[in-house]
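Engineer: Data: model-v3.cif, mmCIF, C-alpha atoms.
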```cif
data_final
loop_
_atom_site.group_PDB
_atom_site.id
_atom_site.type_symbol
_atom_site.label_atom_id
_atom_site.label_comp_id
_atom_site.auth_asym_id
_atom_site.auth_seq_id
_atom_site.Cartn_x
_atom_site.Cartn_y
_atom_site.Cartn_z
ATOM 1 C CA MET A 689 5.599 -66.725 -15.103
ATOM 2 C CA GLY A 690 2.678 -64.831 -16.406
ATOM 3 C CA GLN A 691 2.523 -62.722 -19.542
ATOM 4 C CA THR A 692 1.810 -59.036 -19.611
ATOM 5 C CA ARG A 693 -1.258 -57.685 -21.353
ATOM 6 C CA GLY A 694 0.884 -56.443 -24.267
ATOM 7 C CA GLN A 695 2.487 -59.840 -24.749
ATOM 8 C CA LYS A 696 -0.923 -61.522 -24.691
ATOM 9 C CA ALA A 697 -2.268 -59.043 -27.255
ATOM 10 C CA ALA A 698 0.740 -59.566 -29.539
ATOM 11 C CA LYS A 699 0.351 -63.323 -29.286
ATOM 12 C CA ALA A 700 -3.343 -63.089 -30.119
ATOM 13 C CA ALA A 701 -2.640 -60.781 -33.096
ATOM 14 C CA GLY A 702 0.067 -63.133 -34.355
ATOM 15 C CA ALA A 703 -2.211 -66.114 -34.132
ATOM 16 C CA GLN A 704 -4.807 -64.416 -36.323
ATOM 17 C CA GLN A 705 -2.347 -63.702 -39.185
ATOM 18 C CA PRO A 706 -1.646 -66.586 -41.547
ATOM 19 C CA LYS A 707 1.878 -67.938 -41.529
ATOM 20 C CA LYS A 708 4.125 -67.008 -44.437
ATOM 21 C CA LYS A 709 4.783 -69.789 -46.878
ATOM 22 C CA TRP A 710 8.132 -70.334 -48.521
ATOM 23 C CA PRO A 711 8.209 -69.103 -52.117
ATOM 24 C CA GLY A 712 7.565 -71.665 -54.779
ATOM 25 C CA LYS A 713 9.934 -72.568 -57.601
ATOM 26 C CA ALA A 714 8.319 -70.080 -60.005
ATOM 27 C CA GLN A 715 8.678 -67.242 -57.485
ATOM 28 C CA ARG A 716 12.338 -68.087 -56.777
ATOM 29 C CA GLU A 717 13.128 -68.117 -60.509
ATOM 30 C CA ALA A 718 11.387 -64.751 -60.973
ATOM 31 C CA VAL A 719 13.479 -63.263 -58.146
ATOM 32 C CA GLN A 720 16.672 -64.644 -59.684
ATOM 33 C CA ARG A 721 15.764 -63.207 -63.098
ATOM 34 C CA SER A 722 15.092 -59.772 -61.609
ATOM 35 C CA ARG A 723 18.422 -59.836 -59.738
ATOM 36 C CA ALA A 724 20.268 -60.804 -62.924
ATOM 37 C CA ALA A 725 18.547 -57.977 -64.823
ATOM 38 C CA LYS A 726 19.592 -55.483 -62.125
ATOM 39 C CA LYS A 727 23.214 -56.623 -62.394
ATOM 40 C CA LYS A 728 23.206 -56.106 -66.163
ATOM 41 C CA THR A 729 21.736 -52.611 -65.923
ATOM 42 C CA GLY A 730 24.085 -51.426 -63.194
ATOM 43 C CA GLY A 731 22.486 -52.710 -60.027
ATOM 44 C CA GLY A 732 19.602 -50.260 -59.894
ATOM 45 C CA LYS A 733 21.822 -47.269 -59.151
ATOM 46 C CA PRO A 734 20.670 -43.810 -60.225
ATOM 47 C CA ALA A 735 22.059 -42.622 -63.558
ATOM 48 C CA GLY A 736 24.026 -39.673 -62.106
ATOM 49 C CA VAL A 737 25.993 -41.711 -59.570
ATOM 50 C CA LYS A 738 29.606 -42.370 -60.588
ATOM 51 C CA LYS A 739 31.877 -45.149 -59.399
ATOM 52 C CA ALA A 740 34.583 -44.208 -56.930
ATOM 53 C CA VAL A 741 37.888 -43.908 -58.790
ATOM 54 C CA SER A 742 41.184 -44.121 -56.938
ATOM 55 C CA LEU A 743 43.301 -40.998 -57.227
ATOM 56 C CA PRO A 744 46.999 -40.938 -58.125
ATOM 57 C CA ARG A 745 49.443 -40.793 -55.232
ATOM 58 C CA GLY A 746 49.649 -37.292 -53.762
ATOM 59 C CA ALA A 747 46.502 -36.078 -55.525
ATOM 60 C CA VAL A 748 43.346 -34.771 -53.831
ATOM 61 C CA ARG A 749 40.018 -33.345 -54.891
ATOM 62 C CA ALA A 750 39.807 -29.564 -54.711
ATOM 63 C CA VAL A 751 37.750 -28.336 -51.768
ATOM 64 C CA CYS A 752 37.251 -24.931 -53.361
ATOM 65 C CA ARG A 753 37.942 -23.173 -56.646
ATOM 66 C CA GLY A 754 41.458 -21.978 -57.384
ATOM 67 C CA THR A 755 44.064 -21.109 -59.980
ATOM 68 C CA CYS A 756 46.871 -23.385 -61.130
ATOM 69 C CA PRO A 757 50.213 -21.598 -60.599
ATOM 70 C CA ALA A 758 51.845 -23.444 -63.508
ATOM 71 C CA CYS A 759 49.388 -22.669 -66.334
ATOM 72 C CA LEU A 760 47.439 -19.827 -64.644
ATOM 73 C CA LYS A 761 44.078 -21.430 -65.525
ATOM 74 C CA ASP A 762 41.233 -21.806 -63.043
ATOM 75 C CA TYR A 763 40.016 -25.133 -61.687
ATOM 76 C CA ASP A 764 36.624 -25.846 -60.123
ATOM 77 C CA LYS A 765 35.634 -27.442 -56.856
ATOM 78 C CA GLY A 766 35.928 -31.249 -56.955
ATOM 79 C CA VAL A 767 38.596 -31.387 -59.680
ATOM 80 C CA VAL A 768 41.595 -33.662 -59.002
ATOM 81 C CA ILE A 769 44.622 -31.489 -58.183
ATOM 82 C CA MET A 770 48.215 -32.142 -57.133
ATOM 83 C CA LYS A 771 51.073 -30.241 -55.546
ATOM 84 C CA VAL A 772 52.988 -28.219 -58.139
ATOM 85 C CA SER A 773 55.991 -25.926 -57.730
ATOM 86 C CA GLU A 774 54.355 -23.062 -55.823
ATOM 87 C CA GLY A 775 50.995 -24.497 -54.745
ATOM 88 C CA TRP A 776 48.223 -26.758 -55.978
ATOM 89 C CA GLY A 777 47.353 -27.207 -59.643
ATOM 90 C CA HIS A 778 46.197 -29.541 -62.401
ATOM 91 C CA LEU A 779 47.514 -33.107 -62.623
ATOM 92 C CA ALA A 780 48.901 -32.405 -66.083
ATOM 93 C CA CYS A 781 50.844 -29.390 -64.789
ATOM 94 C CA ALA A 782 52.511 -31.318 -61.941
ATOM 95 C CA PRO A 783 56.057 -32.513 -62.624
ATOM 96 C CA ARG A 784 56.108 -36.229 -63.418
ATOM 97 C CA LYS A 785 58.389 -38.362 -61.264
ATOM 98 C CA MET A 786 60.510 -40.891 -63.147
ATOM 99 C CA SER A 787 60.703 -44.490 -62.033
ATOM 100 C CA ALA A 788 64.033 -46.034 -60.990
ATOM 101 C CA ALA A 789 64.383 -47.789 -64.347
ATOM 102 C CA GLU A 790 63.769 -44.534 -66.246
ATOM 103 C CA ARG A 791 66.373 -42.714 -64.118
ATOM 104 C CA GLU A 792 68.959 -45.441 -64.735
ATOM 105 C CA PHE A 793 68.237 -45.409 -68.476
ATOM 106 C CA ALA A 794 68.698 -41.628 -68.586
ATOM 107 C CA ARG A 795 72.003 -41.892 -66.689
ATOM 108 C CA ASN A 796 73.312 -44.589 -69.036
ATOM 109 C CA LYS A 797 72.225 -42.646 -72.118
ATOM 110 C CA ALA A 798 73.975 -39.508 -70.887
ATOM 111 C CA ALA A 799 77.156 -41.484 -70.182
ATOM 112 C CA ILE A 800 77.153 -43.010 -73.668
ATOM 113 C CA GLU A 801 76.506 -39.670 -75.367
ATOM 114 C CA SER A 802 79.296 -37.945 -73.432
ATOM 115 C CA GLY A 803 81.791 -40.736 -74.208
ATOM 116 C CA GLU A 804 82.286 -41.889 -70.605
ATOM 117 C CA THR A 805 81.580 -45.570 -71.224
ATOM 118 C CA PHE A 806 84.160 -48.314 -70.714
ATOM 119 C CA ARG A 807 84.383 -49.092 -74.406
ATOM 120 C CA SER A 808 85.285 -45.520 -75.306
ATOM 121 C CA ARG A 809 88.048 -45.231 -72.678
ATOM 122 C CA LYS A 810 89.913 -48.367 -73.645
ATOM 123 C CA PRO A 811 91.864 -48.214 -76.900
ATOM 124 C CA SER A 812 91.226 -51.124 -79.234
ATOM 125 C CA ASP A 813 94.140 -53.482 -79.793
ATOM 126 C CA TRP A 814 92.449 -55.404 -82.606
ATOM 127 C CA ARG A 815 93.749 -55.035 -86.146
ATOM 128 C CA LEU A 816 91.152 -54.721 -88.828
ATOM 129 C CA GLY A 817 90.759 -58.074 -90.593
ATOM 130 C CA SER A 818 92.913 -59.977 -88.078
ATOM 131 C CA SER A 819 92.175 -62.377 -85.262
ATOM 132 C CA PRO A 820 92.578 -61.411 -81.593
ATOM 133 C CA SER A 821 95.761 -63.523 -81.323
ATOM 134 C CA SER A 822 97.618 -61.344 -83.835
ATOM 135 C CA THR A 823 97.212 -58.117 -81.897
ATOM 136 C CA ARG A 824 99.761 -55.452 -81.478
ATOM 137 C CA PRO A 825 100.713 -54.320 -77.966
ATOM 138 C CA ALA A 826 98.555 -51.624 -76.403
ATOM 139 C CA ARG A 827 99.740 -48.068 -76.868
#
```
Give the structure from this file in structure tokens form.
Structural biologist:
Amino acid sequence: MGQTRGQKAAKAAGAQQPKKKWPGKAQREAVQRSRAAKKKTGGGKPAGVKKAVSLPRGAVRAVCRGTCPACLKDYDKGVVIMKVSEGWGHLACAPRKMSAAEREFARNKAAIESGETFRSRKPSDWRLGSSPSSTRPAR
């Protein structure tokens, strides 16, 4: 098969350019040093660019300005907001949900403070200064 005029011209132009040589050891080391320096300084990113931070569950960035219904203060566009009682507001104004362990602790504490625990319902049949074998019958 024959070549087109464009292919022949490209081949002729390529033949005239010298072939690229692989970089020498000194060049490779210089490239590695520059890459290491970029990593230390932040990868060459502009100073104003911030890292992406994951938001708490249920939180979003505000699309427009608004007012928090809980504290009645304004928030700007781009601020992290969350659903509060009557609308959207600051993260600090949103009610905090307790974990399962915190809920169980609160239940147990309330039961102890109100006197509903097992120990408080059962009368003690131990005599002060005596062993358990010398107990009197339960009332």
Engineer: Rank A:Leu743, A:Ala799, A:Leu779, A:Val748 by their smallest atom-to-atom distance to Lys765 of chain A, using only C-alpha atoms, and report the top residue only.
Structural biologist: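 Of A:Leu743, A:Ala799, A:Leu779, A:Val748, the one nearest Lys765 of chain A, counting only C-alpha atoms, is A:Val748.
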Engineer: Quick one: axis-aligned box around all listed atoms of segment 789-804 of chain A, 5 Å on every side, centre and edge lengths in Å to one decimal, written as JSON.
Structural biologist:
```
{"center_x": 73.0, "center_y": -42.9, "center_z": -69.7, "size_x": 28.5, "size_y": 19.8, "size_z": 21.2}
```
Engineer: Any idea what's packed within 12 Å of Lys785 of chain A, counting all atoms listed in the file, ignoring anything in its chain fewer than 4 positions away? Could you give it as a ChimeraX atom specification?
Structural biologist: /A:745-746,772,789-791
Engineer: In Å to one decimal, how far is atom CA of Ala724 of chain A from atom CA of Pro711 of chain A?
Structural biologist: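 A separation of 18.2 Å between them.
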Engineer: Taking the file as shown, what set of residues would the PyMOL selection byres ((chain A and resi 753) around 6) give back, as a ChimeraX atom specification?
Structural biologist: /A:752,754,763-765
Engineer: Would you kindly return, as number ranges by chain, each protein, DNA or RNA residue with an atom no farther than 8 Å from any atom of Gly766 of chain A, considering all atoms listed in the file and excluding same-chain residues fewer than 3 positions away?
Structural biologist: A: 749-752
Engineer: Specify as an mmCIF file with C-alpha atoms, in the frame of the given file each residue included when the PyMOL selection byres ((chain A and resi 756) around 12) is applied to this file.
Structural biologist:
```cif
data_model
loop_
_atom_site.group_PDB
_atom_site.id
_atom_site.type_symbol
_atom_site.label_atom_id
_atom_site.label_comp_id
_atom_site.auth_asym_id
_atom_site.auth_seq_id
_atom_site.Cartn_x
_atom_site.Cartn_y
_atom_site.Cartn_z
ATOM 1 C CA ALA A 750 39.807 -29.564 -54.711
ATOM 2 C CA ARG A 753 37.942 -23.173 -56.646
ATOM 3 C CA GLY A 754 41.458 -21.978 -57.384
ATOM 4 C CA THR A 755 44.064 -21.109 -59.980
ATOM 5 C CA PRO A 757 50.213 -21.598 -60.599
ATOM 6 C CA ALA A 758 51.845 -23.444 -63.508
ATOM 7 C CA CYS A 759 49.388 -22.669 -66.334
ATOM 8 C CA LEU A 760 47.439 -19.827 -64.644
ATOM 9 C CA LYS A 761 44.078 -21.430 -65.525
ATOM 10 C CA ASP A 762 41.233 -21.806 -63.043
ATOM 11 C CA TYR A 763 40.016 -25.133 -61.687
ATOM 12 C CA ASP A 764 36.624 -25.846 -60.123
ATOM 13 C CA VAL A 767 38.596 -31.387 -59.680
ATOM 14 C CA VAL A 768 41.595 -33.662 -59.002
ATOM 15 C CA ILE A 769 44.622 -31.489 -58.183
ATOM 16 C CA MET A 770 48.215 -32.142 -57.133
ATOM 17 C CA LYS A 771 51.073 -30.241 -55.546
ATOM 18 C CA VAL A 772 52.988 -28.219 -58.139
ATOM 19 C CA SER A 773 55.991 -25.926 -57.730
ATOM 20 C CA GLU A 774 54.355 -23.062 -55.823
ATOM 21 C CA GLY A 775 50.995 -24.497 -54.745
ATOM 22 C CA TRP A 776 48.223 -26.758 -55.978
ATOM 23 C CA GLY A 777 47.353 -27.207 -59.643
ATOM 24 C CA HIS A 778 46.197 -29.541 -62.401
ATOM 25 C CA LEU A 779 47.514 -33.107 -62.623
ATOM 26 C CA ALA A 780 48.901 -32.405 -66.083
ATOM 27 C CA CYS A 781 50.844 -29.390 -64.789
ATOM 28 C CA ALA A 782 52.511 -31.318 -61.941
#
```
Engineer: State, in Å with one decimal place, the distance from atom CA of Gln715 of chain A to atom CA of Ala701 of chain A.
Structural biologist: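 Value for the atom CA of Gln715 of chain A-atom CA of Ala701 of chain A distance: 27.7 Å.
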Engineer: Hey, can you check how far atom CA of Pro744 of chain A sits from atom CA of Arg784 of chain A?
Structural biologist: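 Atom CA of Arg784 of chain A lies 11.5 Å from atom CA of Pro744 of chain A.
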